[in-house]
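A.B. asks: Contents of target_26.cif (mmCIF, C-alpha atoms and all ligand atoms) are below:
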```
data_my_file
#
loop_
_atom_site.label_atom_id
_atom_site.label_comp_id
_atom_site.auth_asym_id
_atom_site.auth_seq_id
_atom_site.Cartn_x
_atom_site.Cartn_y
_atom_site.Cartn_z
CA MET A 238 0.00 0.00 0.00
CA ASN A 239 1.31 3.48 -0.99
CA VAL A 240 0.22 6.22 1.41
CA ALA A 241 0.69 10.00 1.50
CA VAL A 242 0.31 11.50 4.97
CA ILE A 243 -0.34 15.25 4.94
CA GLY A 244 1.07 17.16 7.93
CA ALA A 245 4.11 16.46 10.11
CA GLY A 246 2.70 17.45 13.48
CA VAL A 247 2.45 14.92 16.32
CA ILE A 248 -0.49 13.19 14.66
CA GLY A 249 0.82 12.89 11.09
CA ALA A 250 4.32 11.85 12.18
CA THR A 251 2.90 9.08 14.37
CA VAL A 252 0.54 7.83 11.67
CA ALA A 253 3.37 7.82 9.13
CA ALA A 254 5.75 5.90 11.42
CA ARG A 255 3.17 3.31 12.40
CA LEU A 256 1.98 2.76 8.82
CA ALA A 257 5.54 2.27 7.58
CA GLN A 258 6.30 -0.14 10.42
CA LYS A 259 3.36 -2.23 9.19
CA GLY A 260 4.82 -2.36 5.70
CA ALA A 261 3.24 0.60 3.85
CA ALA A 262 5.32 2.78 1.52
CA VAL A 263 4.76 6.20 3.13
CA THR A 264 5.49 9.77 2.04
CA LEU A 265 5.05 12.37 4.79
CA ILE A 266 4.35 15.79 3.29
CA GLU A 267 4.75 19.01 5.30
CA GLN A 268 4.15 22.50 3.90
CA ALA A 269 6.55 24.14 6.39
CA THR A 270 8.74 22.28 8.90
CA PRO A 271 7.87 19.32 11.18
CA GLY A 272 6.06 20.47 14.31
CA SER A 273 5.62 24.05 13.10
CA GLY A 274 1.81 23.90 13.41
CA THR A 275 -0.18 23.63 16.63
CA THR A 276 2.27 21.03 17.94
CA SER A 277 4.75 23.83 18.72
CA THR A 278 2.26 25.91 20.75
CA SER A 279 0.74 23.45 23.18
CA TYR A 280 0.41 23.22 26.95
CA ALA A 281 0.87 19.46 26.39
CA TRP A 282 -0.81 18.21 29.55
CA ILE A 283 -1.30 14.47 29.13
CA ASN A 284 -4.60 13.55 30.72
CA SER A 285 -8.14 12.23 30.51
CA ASN A 286 -9.44 14.49 33.25
CA GLY A 287 -12.98 15.78 32.80
CA LYS A 288 -13.17 14.45 29.24
CA GLU A 289 -16.76 13.64 28.26
CA PRO A 290 -18.58 11.59 27.01
CA PRO A 291 -17.19 8.18 28.11
CA ALA A 292 -16.03 7.29 24.59
CA TYR A 293 -13.89 10.47 24.52
CA TYR A 294 -12.61 9.75 28.03
CA ASN A 295 -11.56 6.29 26.79
CA LEU A 296 -9.70 7.71 23.77
CA ASN A 297 -7.74 10.11 25.97
CA LEU A 298 -7.05 7.42 28.58
CA ALA A 299 -5.68 5.20 25.81
CA GLY A 300 -3.47 8.13 24.78
CA LEU A 301 -2.17 8.66 28.31
CA GLN A 302 -1.42 4.94 28.68
CA ALA A 303 0.30 4.80 25.30
CA HIS A 304 2.60 7.69 26.33
CA MET A 305 3.51 5.86 29.54
CA ARG A 306 4.38 2.69 27.61
CA LEU A 307 6.27 4.45 24.88
CA SER A 308 8.29 7.28 26.40
CA PRO A 309 11.85 6.00 26.90
CA LYS A 310 13.20 6.14 30.44
CA ASP A 311 16.46 7.74 29.23
CA GLU A 312 17.09 11.32 28.11
CA THR A 313 15.14 10.77 24.88
CA GLY A 314 11.93 10.45 26.93
CA TRP A 315 9.43 13.30 26.54
CA LEU A 316 7.29 12.96 29.67
CA GLY A 317 7.44 14.79 32.98
CA LEU A 318 5.84 12.46 35.50
CA GLY A 319 4.60 13.22 39.00
CA GLY A 320 1.01 13.99 38.24
CA HIS A 321 -1.03 17.15 38.53
CA VAL A 322 -2.30 19.13 41.51
CA GLU A 323 -5.54 21.16 41.22
CA PHE A 324 -6.63 23.82 43.70
CA ALA A 325 -10.26 24.83 44.28
CA VAL A 326 -10.99 28.06 46.13
CA ASP A 327 -14.71 28.65 45.62
CA ASP A 328 -17.78 26.58 46.43
CA HIS A 329 -18.65 25.76 42.84
CA HIS A 330 -15.15 24.61 41.98
CA ARG A 331 -14.90 22.67 45.26
CA ASP A 332 -18.12 20.74 44.50
CA ASN A 333 -17.08 20.14 40.93
CA LEU A 334 -13.68 18.88 42.02
CA ALA A 335 -15.16 16.55 44.63
CA ALA A 336 -17.59 15.05 42.09
CA ARG A 337 -14.91 14.72 39.42
CA VAL A 338 -12.42 12.99 41.72
CA LYS A 339 -15.13 10.55 42.82
CA ARG A 340 -16.17 9.80 39.25
CA LEU A 341 -12.58 9.33 38.10
CA GLN A 342 -11.80 7.07 41.06
CA GLY A 343 -14.83 4.96 40.09
CA TRP A 344 -13.25 4.50 36.66
CA GLY A 345 -9.92 3.48 38.20
CA TYR A 346 -8.17 6.76 37.25
CA GLY A 347 -5.41 7.93 39.58
CA ALA A 348 -7.21 10.71 41.47
CA GLU A 349 -7.18 11.54 45.19
CA ASP A 350 -8.06 14.34 47.59
CA ILE A 351 -5.03 15.68 49.42
CA SER A 352 -4.48 17.99 52.38
CA PRO A 353 -2.70 21.36 52.20
CA GLU A 354 0.26 19.72 53.98
CA GLN A 355 0.45 16.99 51.34
CA ALA A 356 0.20 19.63 48.59
CA GLN A 357 3.09 21.54 50.17
CA THR A 358 5.17 18.35 50.15
CA LEU A 359 4.40 17.66 46.49
CA LEU A 360 4.98 21.32 45.56
CA PRO A 361 7.68 22.65 47.92
CA ASP A 362 7.63 26.20 46.51
CA VAL A 363 3.88 26.64 46.25
CA ARG A 364 2.21 29.47 48.16
CA LEU A 365 -1.10 27.84 48.97
CA PRO A 366 -3.88 30.05 47.60
CA LYS A 367 -5.92 31.93 50.24
CA GLY A 368 -9.33 30.47 51.00
CA ILE A 369 -8.38 27.08 49.68
CA GLN A 370 -11.34 24.70 49.81
CA ARG A 371 -10.18 21.47 48.27
CA ILE A 372 -7.09 20.03 46.57
CA ALA A 373 -6.85 17.06 44.22
CA HIS A 374 -3.81 15.12 43.06
CA TYR A 375 -4.08 13.20 39.79
CA THR A 376 -1.26 10.78 40.27
CA ASP A 377 -0.88 9.39 36.75
CA GLU A 378 -1.10 12.54 34.65
CA ALA A 379 1.96 14.05 33.03
CA TYR A 380 3.23 16.87 30.87
CA ALA A 381 5.05 16.32 27.60
CA TYR A 382 7.74 18.02 25.55
CA PRO A 383 6.07 17.79 22.13
CA ALA A 384 9.31 18.48 20.22
CA LYS A 385 10.97 15.50 21.91
CA TYR A 386 7.98 13.28 21.14
CA LEU A 387 8.11 14.42 17.53
CA ALA A 388 11.86 13.79 17.33
CA PHE A 389 11.30 10.24 18.55
CA MET A 390 8.49 9.61 16.06
CA LEU A 391 10.36 11.14 13.10
CA THR A 392 13.30 8.84 13.89
CA GLU A 393 10.95 5.85 14.00
CA ALA A 394 9.45 7.02 10.70
CA ARG A 395 12.84 7.44 9.00
CA GLN A 396 14.06 4.06 10.26
CA ALA A 397 10.90 2.44 8.88
CA GLY A 398 11.57 3.99 5.44
CA VAL A 399 9.18 6.98 5.42
CA GLU A 400 10.09 9.52 2.74
CA MET A 401 9.86 13.04 4.16
CA ARG A 402 8.98 15.99 1.92
CA THR A 403 9.14 19.35 3.73
CA GLY A 404 8.44 22.83 2.42
CA VAL A 405 5.88 21.54 -0.08
CA GLU A 406 2.14 21.96 0.16
CA VAL A 407 -0.47 19.58 -1.19
CA THR A 408 -2.46 21.73 -3.59
CA SER A 409 -4.85 19.33 -5.35
CA PHE A 410 -6.07 15.75 -5.70
CA GLU A 411 -6.95 14.00 -8.93
CA PRO A 412 -8.80 10.79 -8.03
CA GLU A 413 -8.26 7.77 -10.27
CA GLY A 414 -10.71 5.04 -9.31
CA ASP A 415 -9.96 3.85 -5.77
CA ALA A 416 -6.61 5.71 -5.71
CA THR A 417 -5.54 9.31 -6.29
CA ALA A 418 -2.77 11.55 -7.56
CA LEU A 419 -1.62 14.52 -5.48
CA THR A 420 -0.16 17.71 -6.86
CA LEU A 421 2.42 19.47 -4.72
CA SER A 422 3.37 23.14 -4.69
CA ASP A 423 6.77 22.37 -6.28
CA GLY A 424 4.90 21.09 -9.36
CA SER A 425 5.56 17.41 -8.70
CA THR A 426 2.85 14.77 -8.51
CA LEU A 427 2.53 11.64 -6.43
CA ARG A 428 0.26 8.63 -7.09
CA VAL A 429 -0.92 6.79 -3.99
CA ASP A 430 -3.52 4.26 -2.85
CA LYS A 431 -4.43 6.26 0.26
CA VAL A 432 -4.11 9.79 1.60
CA VAL A 433 -4.22 10.47 5.34
CA SER A 434 -5.02 14.09 6.07
CA ALA A 435 -3.43 15.01 9.42
CA ALA A 436 -3.40 18.69 8.54
CA GLY A 437 -4.48 20.04 11.93
CA ARG A 438 -6.21 23.41 11.73
CA TRP A 439 -5.83 23.36 7.93
CA THR A 440 -8.02 20.21 7.72
CA ARG A 441 -11.04 22.00 6.31
CA SER A 442 -9.10 23.46 3.40
CA VAL A 443 -7.25 20.20 2.65
CA ALA A 444 -10.52 18.22 2.71
CA ALA A 445 -12.14 20.85 0.49
CA LEU A 446 -9.57 19.99 -2.20
CA ALA A 447 -11.30 16.59 -2.29
CA GLY A 448 -14.77 18.15 -2.23
CA VAL A 449 -15.51 17.07 1.35
CA ASP A 450 -16.59 19.38 4.17
CA VAL A 451 -14.85 18.49 7.42
CA PRO A 452 -15.98 21.05 9.99
CA VAL A 453 -12.85 22.11 11.83
CA ARG A 454 -12.94 25.66 13.15
CA GLU A 455 -10.75 28.42 11.88
CA PHE A 456 -9.81 31.55 13.81
CA THR A 457 -12.24 34.41 13.25
CA GLU A 458 -11.92 36.82 16.19
CA PRO A 459 -9.90 37.39 19.38
CA GLY A 460 -10.96 35.12 22.19
CA ASP A 461 -12.34 32.41 19.87
CA VAL A 462 -12.40 28.98 21.42
CA VAL A 463 -9.57 28.05 19.06
CA VAL A 464 -6.99 30.51 20.44
CA GLY A 465 -5.04 30.59 23.69
CA TYR A 466 -1.98 32.26 25.20
CA LEU A 467 1.05 30.45 26.52
CA ALA A 468 3.88 32.28 28.27
CA VAL A 469 7.35 30.92 29.01
CA THR A 470 9.62 32.36 31.72
CA ASN A 471 13.38 32.61 32.07
CA PRO A 472 15.09 29.80 34.06
CA LEU A 473 14.07 30.13 37.72
CA PRO A 474 15.25 28.57 41.00
CA VAL A 475 11.83 27.03 41.57
CA GLN A 476 11.38 23.42 42.56
CA LEU A 477 8.47 22.22 40.42
CA SER A 478 8.21 18.77 38.91
CA ARG A 479 4.48 18.44 38.24
CA LEU A 480 1.59 20.40 36.76
CA ILE A 481 -0.46 22.85 38.80
CA THR A 482 -3.90 24.12 37.86
CA SER A 483 -5.50 26.88 39.88
CA PRO A 484 -8.28 29.40 39.16
CA TRP A 485 -5.75 32.05 38.13
CA LEU A 486 -2.85 30.19 36.66
CA ASN A 487 -1.77 26.84 35.28
CA VAL A 488 1.96 26.17 35.54
CA ARG A 489 4.24 23.41 34.29
CA PRO A 490 7.96 22.98 33.83
CA ALA A 491 9.16 24.00 30.38
CA GLY A 492 12.74 22.66 30.48
CA GLY A 493 15.99 24.03 31.91
CA GLY A 494 14.24 25.67 34.87
CA ARG A 495 11.79 27.57 32.67
CA LEU A 496 8.07 27.47 33.44
CA MET A 497 5.15 27.49 31.01
CA LEU A 498 2.13 29.51 32.10
CA GLN A 499 -1.48 29.43 30.98
CA ALA A 500 -4.43 31.47 32.30
CA LEU A 501 -7.61 30.63 30.44
CA ASP A 502 -9.51 33.71 31.64
CA LEU A 503 -6.92 35.92 29.90
CA ASP A 504 -7.51 34.24 26.52
CA ALA A 505 -10.37 36.62 25.68
CA THR A 506 -7.93 38.93 23.86
CA ALA A 507 -5.84 36.21 22.19
CA ASP A 508 -5.26 37.00 18.52
CA PRO A 509 -2.61 35.18 16.47
CA ARG A 510 -2.15 38.30 14.27
CA ASN A 511 -1.18 40.40 17.26
CA VAL A 512 1.02 38.55 19.72
CA PRO A 513 1.85 40.63 22.84
CA ASP A 514 5.49 41.45 23.67
CA PRO A 515 7.31 39.79 26.57
CA ASP A 516 7.11 43.13 28.47
CA SER A 517 3.43 43.80 27.70
CA ARG A 518 0.66 44.25 30.26
CA LEU A 519 -0.36 40.66 29.63
CA ALA A 520 3.15 39.50 30.51
CA ARG A 521 3.05 41.54 33.73
CA THR A 522 -0.27 39.94 34.67
CA PHE A 523 1.21 36.47 34.13
CA LEU A 524 4.17 37.44 36.34
CA GLU A 525 1.97 38.81 39.15
CA ARG A 526 -0.01 35.59 39.20
CA LEU A 527 3.13 33.48 39.11
CA ARG A 528 4.70 35.36 42.04
CA ALA A 529 1.49 34.93 44.04
CA LEU A 530 1.52 31.16 43.44
CA LEU A 531 5.20 30.17 43.65
CA ALA A 532 8.15 31.25 45.81
CA ASN A 533 11.58 32.10 44.32
CA THR A 534 9.98 33.83 41.36
CA GLU A 535 11.11 37.40 42.18
CA GLY A 536 13.53 37.31 39.25
CA ALA A 537 10.94 35.98 36.83
CA ARG A 538 10.69 37.45 33.34
CA ILE A 539 8.54 36.35 30.45
CA GLU A 540 10.81 35.34 27.57
CA THR A 541 8.13 34.31 25.11
CA ILE A 542 4.42 34.77 24.64
CA MET A 543 2.69 32.56 22.09
CA VAL A 544 -0.84 32.50 20.76
CA GLY A 545 -1.65 28.88 20.03
CA GLN A 546 -4.39 27.89 17.60
CA ARG A 547 -6.24 24.74 18.54
CA VAL A 548 -7.34 22.06 16.10
CA MET A 549 -11.00 22.29 17.03
CA PRO A 550 -13.67 20.17 15.33
CA GLU A 551 -17.01 21.93 15.32
CA ASP A 552 -18.34 19.87 18.25
CA GLY A 553 -15.01 19.79 20.10
CA ARG A 554 -14.41 16.06 19.66
CA THR A 555 -11.99 14.02 17.61
CA ILE A 556 -12.69 13.39 13.92
CA VAL A 557 -11.18 10.14 12.67
CA GLY A 558 -12.05 7.83 9.79
CA PRO A 559 -12.49 7.45 6.04
CA ALA A 560 -14.07 10.34 4.16
CA PRO A 561 -17.60 9.39 3.09
CA ASN A 562 -17.64 7.96 -0.47
CA LEU A 563 -13.93 8.54 -1.04
CA PRO A 564 -12.14 5.22 -0.52
CA TRP A 565 -8.70 6.83 -0.87
CA LEU A 566 -9.08 9.59 1.76
CA TYR A 567 -8.79 9.15 5.55
CA VAL A 568 -9.08 12.16 7.86
CA VAL A 569 -7.91 12.80 11.41
CA ALA A 570 -8.29 16.12 13.25
CA THR A 571 -8.39 16.56 16.99
CA HIS A 572 -7.94 18.76 19.99
CA SER A 573 -5.90 17.16 22.84
CA GLY A 574 -3.73 15.81 20.07
CA ILE A 575 -0.59 15.63 22.22
CA THR A 576 -2.37 13.26 24.61
CA LEU A 577 -3.96 11.30 21.78
CA ALA A 578 -1.15 11.01 19.21
CA PRO A 579 0.57 7.75 20.26
CA TYR A 580 -2.71 5.87 20.56
CA LEU A 581 -4.41 7.40 17.50
CA GLY A 582 -1.37 6.86 15.27
CA GLU A 583 -1.24 3.18 16.05
CA ALA A 584 -5.00 2.63 15.82
CA ILE A 585 -5.29 4.56 12.52
CA ALA A 586 -2.51 2.45 10.98
CA ALA A 587 -4.32 -0.71 12.13
CA GLU A 588 -7.58 0.54 10.62
CA LEU A 589 -5.95 1.31 7.28
CA PHE A 590 -4.64 -2.26 7.31
CA GLY A 591 -8.20 -3.53 7.69
CA GLU A 592 -8.72 -3.70 11.47
CA LYS A 593 -11.81 -1.59 12.03
CA GLN A 594 -11.53 0.34 15.30
CA ASP A 595 -14.70 0.13 17.40
CA ALA A 596 -13.31 2.87 19.66
CA PHE A 597 -13.59 5.30 16.70
CA GLU A 598 -17.30 4.70 16.03
CA GLU A 599 -18.50 7.87 17.83
CA PHE A 600 -15.89 9.98 16.08
CA ARG A 601 -16.64 9.47 12.39
CA ILE A 602 -17.08 12.37 9.96
CA GLU A 603 -20.60 11.14 9.12
CA ARG A 604 -21.92 12.47 12.44
CA PHE A 605 -21.85 15.97 10.99
CA MET A 606 -24.00 14.84 8.08
CA THR A 607 -26.65 12.98 10.04
CA ASP A 608 -26.79 15.33 13.04
CA THR A 609 -26.96 18.94 12.00
CA THR A 610 -27.69 19.98 15.59
CA TYR A 611 -24.17 19.40 16.87
CA GLY A 612 -23.46 22.03 19.44
CA GLN A 613 -20.75 24.50 20.22
CA PRO A 614 -17.36 23.01 20.97
CA TYR A 615 -16.70 23.15 24.63
CA ALA A 616 -14.17 25.76 25.53
CA PRO A 617 -11.00 24.36 27.05
CA ARG A 618 -11.93 23.44 30.57
CA LYS A 619 -11.19 26.03 33.22
CA PRO A 620 -10.46 24.54 36.61
CA GLY A 621 -13.79 23.85 38.21
CA GLU A 622 -15.66 23.52 34.96
CA GLN A 623 -16.70 20.47 33.04
C1 LIG B 701 -3.00 26.78 23.68
C2 LIG B 701 -3.11 25.30 23.43
C3 LIG B 701 -3.03 24.43 24.50
C4 LIG B 701 -3.12 23.04 24.28
N1 LIG B 701 -3.01 22.22 25.35
C5 LIG B 701 -3.05 20.88 25.16
C6 LIG B 701 -2.87 20.01 26.26
O1 LIG B 701 -2.69 20.47 27.40
N2 LIG B 701 -2.89 18.67 26.04
C7 LIG B 701 -3.08 18.14 24.77
O2 LIG B 701 -3.10 16.91 24.62
N3 LIG B 701 -3.27 18.96 23.70
C8 LIG B 701 -3.26 20.30 23.87
N4 LIG B 701 -3.43 21.14 22.81
C9 LIG B 701 -3.81 20.56 21.51
C10 LIG B 701 -2.65 19.95 20.74
O3 LIG B 701 -1.52 20.78 20.79
C11 LIG B 701 -3.06 19.70 19.29
O4 LIG B 701 -4.26 18.95 19.28
C12 LIG B 701 -1.99 18.98 18.50
O5 LIG B 701 -0.76 19.67 18.53
C13 LIG B 701 -2.44 18.82 17.05
O6 LIG B 701 -1.41 18.20 16.32
P1 LIG B 701 -1.61 17.94 14.77
O7 LIG B 701 -0.47 17.09 14.34
O8 LIG B 701 -2.99 17.45 14.50
O9 LIG B 701 -1.58 19.39 14.12
P2 LIG B 701 -0.35 20.33 13.70
O10 LIG B 701 0.75 20.27 14.69
O11 LIG B 701 -0.90 21.68 13.40
O12 LIG B 701 0.17 19.65 12.36
C14 LIG B 701 -0.50 19.79 11.12
C15 LIG B 701 0.55 20.02 10.06
O13 LIG B 701 -0.07 19.96 8.77
C16 LIG B 701 0.67 20.82 7.89
N5 LIG B 701 -0.18 21.09 6.73
C17 LIG B 701 -1.39 21.69 6.72
N6 LIG B 701 -1.88 21.78 5.47
C18 LIG B 701 -0.94 21.21 4.64
C19 LIG B 701 -0.87 21.01 3.23
N7 LIG B 701 -1.85 21.40 2.38
N8 LIG B 701 0.24 20.40 2.72
C20 LIG B 701 1.26 19.98 3.56
N9 LIG B 701 1.22 20.19 4.91
C21 LIG B 701 0.13 20.78 5.44
C22 LIG B 701 0.91 22.05 8.79
O14 LIG B 701 1.97 22.84 8.33
C23 LIG B 701 1.19 21.41 10.16
O15 LIG B 701 2.58 21.27 10.44
C24 LIG B 701 -3.31 22.53 22.97
C25 LIG B 701 -3.38 23.42 21.89
C26 LIG B 701 -3.26 24.79 22.12
C27 LIG B 701 -3.30 25.72 20.95
#
```
Could I get this structure in the form of structure tokens?
C.D. replies:
Amino acid sequence: MNVAVIGAGVIGATVAARLAQKGAAVTLIEQATPGSGTTSTSYAWINSNGKEPPAYYNLNLAGLQAHMRLSPKDETGWLGLGGHVEFAVDDHHRDNLAARVKRLQGWGYGAEDISPEQAQTLLPDVRLPKGIQRIAHYTDEAYAYPAKYLAFMLTEARQAGVEMRTGVEVTSFEPEGDATALTLSDGSTLRVDKVVSAAGRWTRSVAALAGVDVPVREFTEPGDVVVGYLAVTNPLPVQLSRLITSPWLNVRPAGGGRLMLQALDLDATADPRNVPDPDSRLARTFLERLRALLANTEGARIETIMVGQRVMPEDGRTIVGPAPNLPWLYVVATHSGITLAPYLGEAIAAELFGEKQDAFEEFRIERFMTDTTYGQPYAPRKPGEQ
């Protein structure tokens, strides 16, 4: 089987590697450079926390478990282990947290209530928020370094014989029976049996080249559900080896002593055409919140602010499967793609080799054709919200 995979983000690279390892002849096509899409602007929290409905929880859990199996224990590993600590300071968040921990425990997920003293032990430099009502520790969650994951997968892909074409865009398809030819922006063409579109936020335009509508949102205005800020600090003498979420700030290690910050309530102004400077008011707000939450941050500066653009299907959930009536085209587009990539890549390769994936049944493209009432995508979950 000859396959063209479009997009060398975490999803496309994993699909390409796994297909080639099963014996397919794979060309991985990337319009820019590997990882330059959403993969490079991700908070990369590996979890299945608060993911609904159950089928979506199961997909994300499979992703988390696949990361744990796959990430090497040496310096090539991409995971930061140690779990995640969540603080609730108001009644609503407290009740939500209590219910969520109970539900997750019932499903066998590593979730427990902890005391302020236990939180202080897990997070030596944390300044416990005033009025704290409840604290949860999710023992098995992790954060990832997406670039390291991608490096691992691209090596696997190369070793399995994947041909990589970077700096070329797929510009058209010319179907020939059950197969197709692709035209690339350098004028070359490629004949393949299958195309896997893993084009992230460009999915709608790539699918449109084949005459299919795959409803993945595109940025329209600041504060859209698709956009979000991430800020990265200078290296700091802070002891932090796990994720924190709190009502004002989410924090995770970002390598070399740097911290990555996210504050979902600030995303209302996020606009990828207008990225704030590292000394902007937004940066100062991030720093104030960081200093309130962690000790030894007096010398903190923001080195980088990014505006990430999510891959957001119209109803917020993964799209995966063959395009209706086009035997040669298979489409995958998803939020939480860092969590999902190792599982999805493997399962998609199996499906293309004839092993239908029951776990994908609720995530087919056809749902948008039969159910025109699909709702708004849920906004990324703020602590305390479902
Ligand atoms: C602010 C933010 C926070 C996030 N937090 C988390 C989190 O905590 N946990 C988590 O699991 N996920 C998180 N995500 C989501 C996650 O980062 C994405 O779901 C994931 O990176 C998507 O990867 P991808 O490979 O599908 O897309 P991409 O990385 O965008 O890759 C798609 C690639 O396709 C290429 N391409 C497009 N069109 C063409 C064409 N015509 N020809 C050739 N190449 C083409 C693009 O150049 C791009 O490189 C977050 C995202 C954002 C923005």
A.B. asks: Residues up to 7 Å from ligand LIG 701 (chain B), counting all atoms listed in the file: could you list those as a PyMOL selection string?
C.D. replies: chain A and resi 243-249+266-283+405-408+435-440+443+463-467+544-548+570-577
A.B. asks: Could you tell me how far CA of Gln594 (chain A) sits from CA of Arg428 (chain A), in Å to one decimal place?
C.D. replies: 26.6 Å
A.B. asks: Report as a list in words all protein, DNA and RNA residues lying within 10 Å of region 498-500 of chain A, evaluated on all atoms listed in the file, omitting residues in the same chain fewer than 5 positions from it.
C.D. replies: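 Contacts, in chain order: Tyr280, Gly465, Tyr466, Leu467, Ala468, Val469, Thr470, Ile481, Thr482, Ser483, Pro484, Trp485, Leu486, Asn487, Val488, Arg489, Pro490, Ala491, Thr522, Phe523, Leu524, Arg526, Leu527, Ile539, Ile542 and Lys619 of chain A.
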A.B. asks: Report the distance between CA of Gly319 (chain A) and CA of Ala520 (chain A) in Å, rounded to one decimal place.
C.D. replies: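 CA of Gly319 (chain A) sits 27.7 Å away from CA of Ala520 (chain A).
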A.B. asks: Pick from A:Ala356, A:Leu477, A:Ala394, A:Ile556: nearest to Val453 (chain A), with only C-alpha atoms counted?
C.D. replies: A:Ile556
A.B. asks: Between CA of Ala250 (chain A) and CA of Met390 (chain A), what is the spacing in Å?
C.D. replies: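 Computed distance, CA of Met390 (chain A) to CA of Ala250 (chain A), equals 6.1 Å.
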A.B. asks: Tell me, as a PDB file with C-alpha atoms, keeping the file's coordinate frame, which residues lie within 6 Å of region 580-589 of chain A, counting all atoms listed in the file; anything in the same chain fewer than 3 positions away does not count.
C.D. replies:
```
ATOM      1  CA  THR A 251       2.900   9.080  14.370  1.00  0.00           C
ATOM      2  CA  VAL A 252       0.540   7.830  11.670  1.00  0.00           C
ATOM      3  CA  ARG A 255       3.170   3.310  12.400  1.00  0.00           C
ATOM      4  CA  LEU A 256       1.980   2.760   8.820  1.00  0.00           C
ATOM      5  CA  GLY A 300      -3.470   8.130  24.780  1.00  0.00           C
ATOM      6  CA  ALA A 303       0.300   4.800  25.300  1.00  0.00           C
ATOM      7  CA  LEU A 577      -3.960  11.300  21.780  1.00  0.00           C
ATOM      8  CA  GLU A 592      -8.720  -3.700  11.470  1.00  0.00           C
ATOM      9  CA  LYS A 593     -11.810  -1.590  12.030  1.00  0.00           C
TER      10      LYS A 593
END
```
A.B. asks: Determine, counting only C-alpha atoms, every residue of protein, DNA or RNA that lies within 12 Å of (14.4, 11.0, 16.9) in the file coordinates, then give the result as a PDB file with C-alpha atoms, in the coordinates of the input.
C.D. replies:
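For reference, result_29.pdb as written:
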```
ATOM      1  CA  ALA A 250       4.320  11.850  12.180  1.00  0.00           C
ATOM      2  CA  THR A 251       2.900   9.080  14.370  1.00  0.00           C
ATOM      3  CA  ALA A 254       5.750   5.900  11.420  1.00  0.00           C
ATOM      4  CA  SER A 308       8.290   7.280  26.400  1.00  0.00           C
ATOM      5  CA  PRO A 309      11.850   6.000  26.900  1.00  0.00           C
ATOM      6  CA  GLU A 312      17.090  11.320  28.110  1.00  0.00           C
ATOM      7  CA  THR A 313      15.140  10.770  24.880  1.00  0.00           C
ATOM      8  CA  GLY A 314      11.930  10.450  26.930  1.00  0.00           C
ATOM      9  CA  TRP A 315       9.430  13.300  26.540  1.00  0.00           C
ATOM     10  CA  PRO A 383       6.070  17.790  22.130  1.00  0.00           C
ATOM     11  CA  ALA A 384       9.310  18.480  20.220  1.00  0.00           C
ATOM     12  CA  LYS A 385      10.970  15.500  21.910  1.00  0.00           C
ATOM     13  CA  TYR A 386       7.980  13.280  21.140  1.00  0.00           C
ATOM     14  CA  LEU A 387       8.110  14.420  17.530  1.00  0.00           C
ATOM     15  CA  ALA A 388      11.860  13.790  17.330  1.00  0.00           C
ATOM     16  CA  PHE A 389      11.300  10.240  18.550  1.00  0.00           C
ATOM     17  CA  MET A 390       8.490   9.610  16.060  1.00  0.00           C
ATOM     18  CA  LEU A 391      10.360  11.140  13.100  1.00  0.00           C
ATOM     19  CA  THR A 392      13.300   8.840  13.890  1.00  0.00           C
ATOM     20  CA  GLU A 393      10.950   5.850  14.000  1.00  0.00           C
ATOM     21  CA  ALA A 394       9.450   7.020  10.700  1.00  0.00           C
ATOM     22  CA  ARG A 395      12.840   7.440   9.000  1.00  0.00           C
ATOM     23  CA  GLN A 396      14.060   4.060  10.260  1.00  0.00           C
TER      24      GLN A 396
END
```
A.B. asks: Go through A:Asn333, A:Val451, A:Val429, A:Leu563 and flag the residue nearest Phe605 (chain A), using only C-alpha atoms for the distances.
C.D. replies: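 So, comparing all the options, the nearest one is A:Val451.
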A.B. asks: Can you work out which one of A:Val363, A:Tyr375, A:Ile602, A:Arg479 has the shortest atom-to-atom distance to Gln342 (chain A), counting all atoms listed in the file?
C.D. replies: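 Using all atoms listed in the file, the shortest distance to Gln342 (chain A) belongs to A:Tyr375.
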A.B. asks: Which residues are near region 287-292 of chain A? Cut-off 8 Å, all atoms listed in the file, ignore same chain within fewer than 4 positions. Put them as a list in words.
C.D. replies: Leu296, Asn297, Arg337, Ala596, Glu599 and Gln623 of chain A
A.B. asks: Could you save the residues just selected, with C-alpha atoms, as a short mmCIF file (atom, residue, chain, number, x, y, z; two decimals), keeping the file's coordinate frame?
C.D. replies:
```
data_model
loop_
_atom_site.label_atom_id
_atom_site.label_comp_id
_atom_site.auth_asym_id
_atom_site.auth_seq_id
_atom_site.Cartn_x
_atom_site.Cartn_y
_atom_site.Cartn_z
CA LEU A 296 -9.70 7.71 23.77
CA ASN A 297 -7.74 10.11 25.97
CA ARG A 337 -14.91 14.72 39.42
CA ALA A 596 -13.31 2.87 19.66
CA GLU A 599 -18.50 7.87 17.83
CA GLN A 623 -16.70 20.47 33.04
#
```
A.B. asks: Smallest atom-to-atom distance to Pro474 (chain A): which of A:Gly398, A:Asp362, A:Arg371, A:Arg454, using all atoms listed in the file?
C.D. replies: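 The answer is A:Asp362, which sits nearest to Pro474 (chain A).
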A.B. asks: Report as an NGL selection string all protein, DNA and RNA residues lying within 12 Å of Ile351 (chain A), evaluated on all atoms listed in the file, omitting residues in the same chain fewer than 3 positions from it.
C.D. replies: :A and (321-325 or 334-335 or 338 or 348 or 354-359 or 369-376)
A.B. asks: So which one's closest to Arg364 (chain A), A:Glu400, A:Leu530, A:Asn284, A:Ser425? Using all atoms listed in the file, please.
C.D. replies: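 Once distances to Arg364 (chain A) are computed over all atoms listed in the file, the minimum belongs to A:Leu530.
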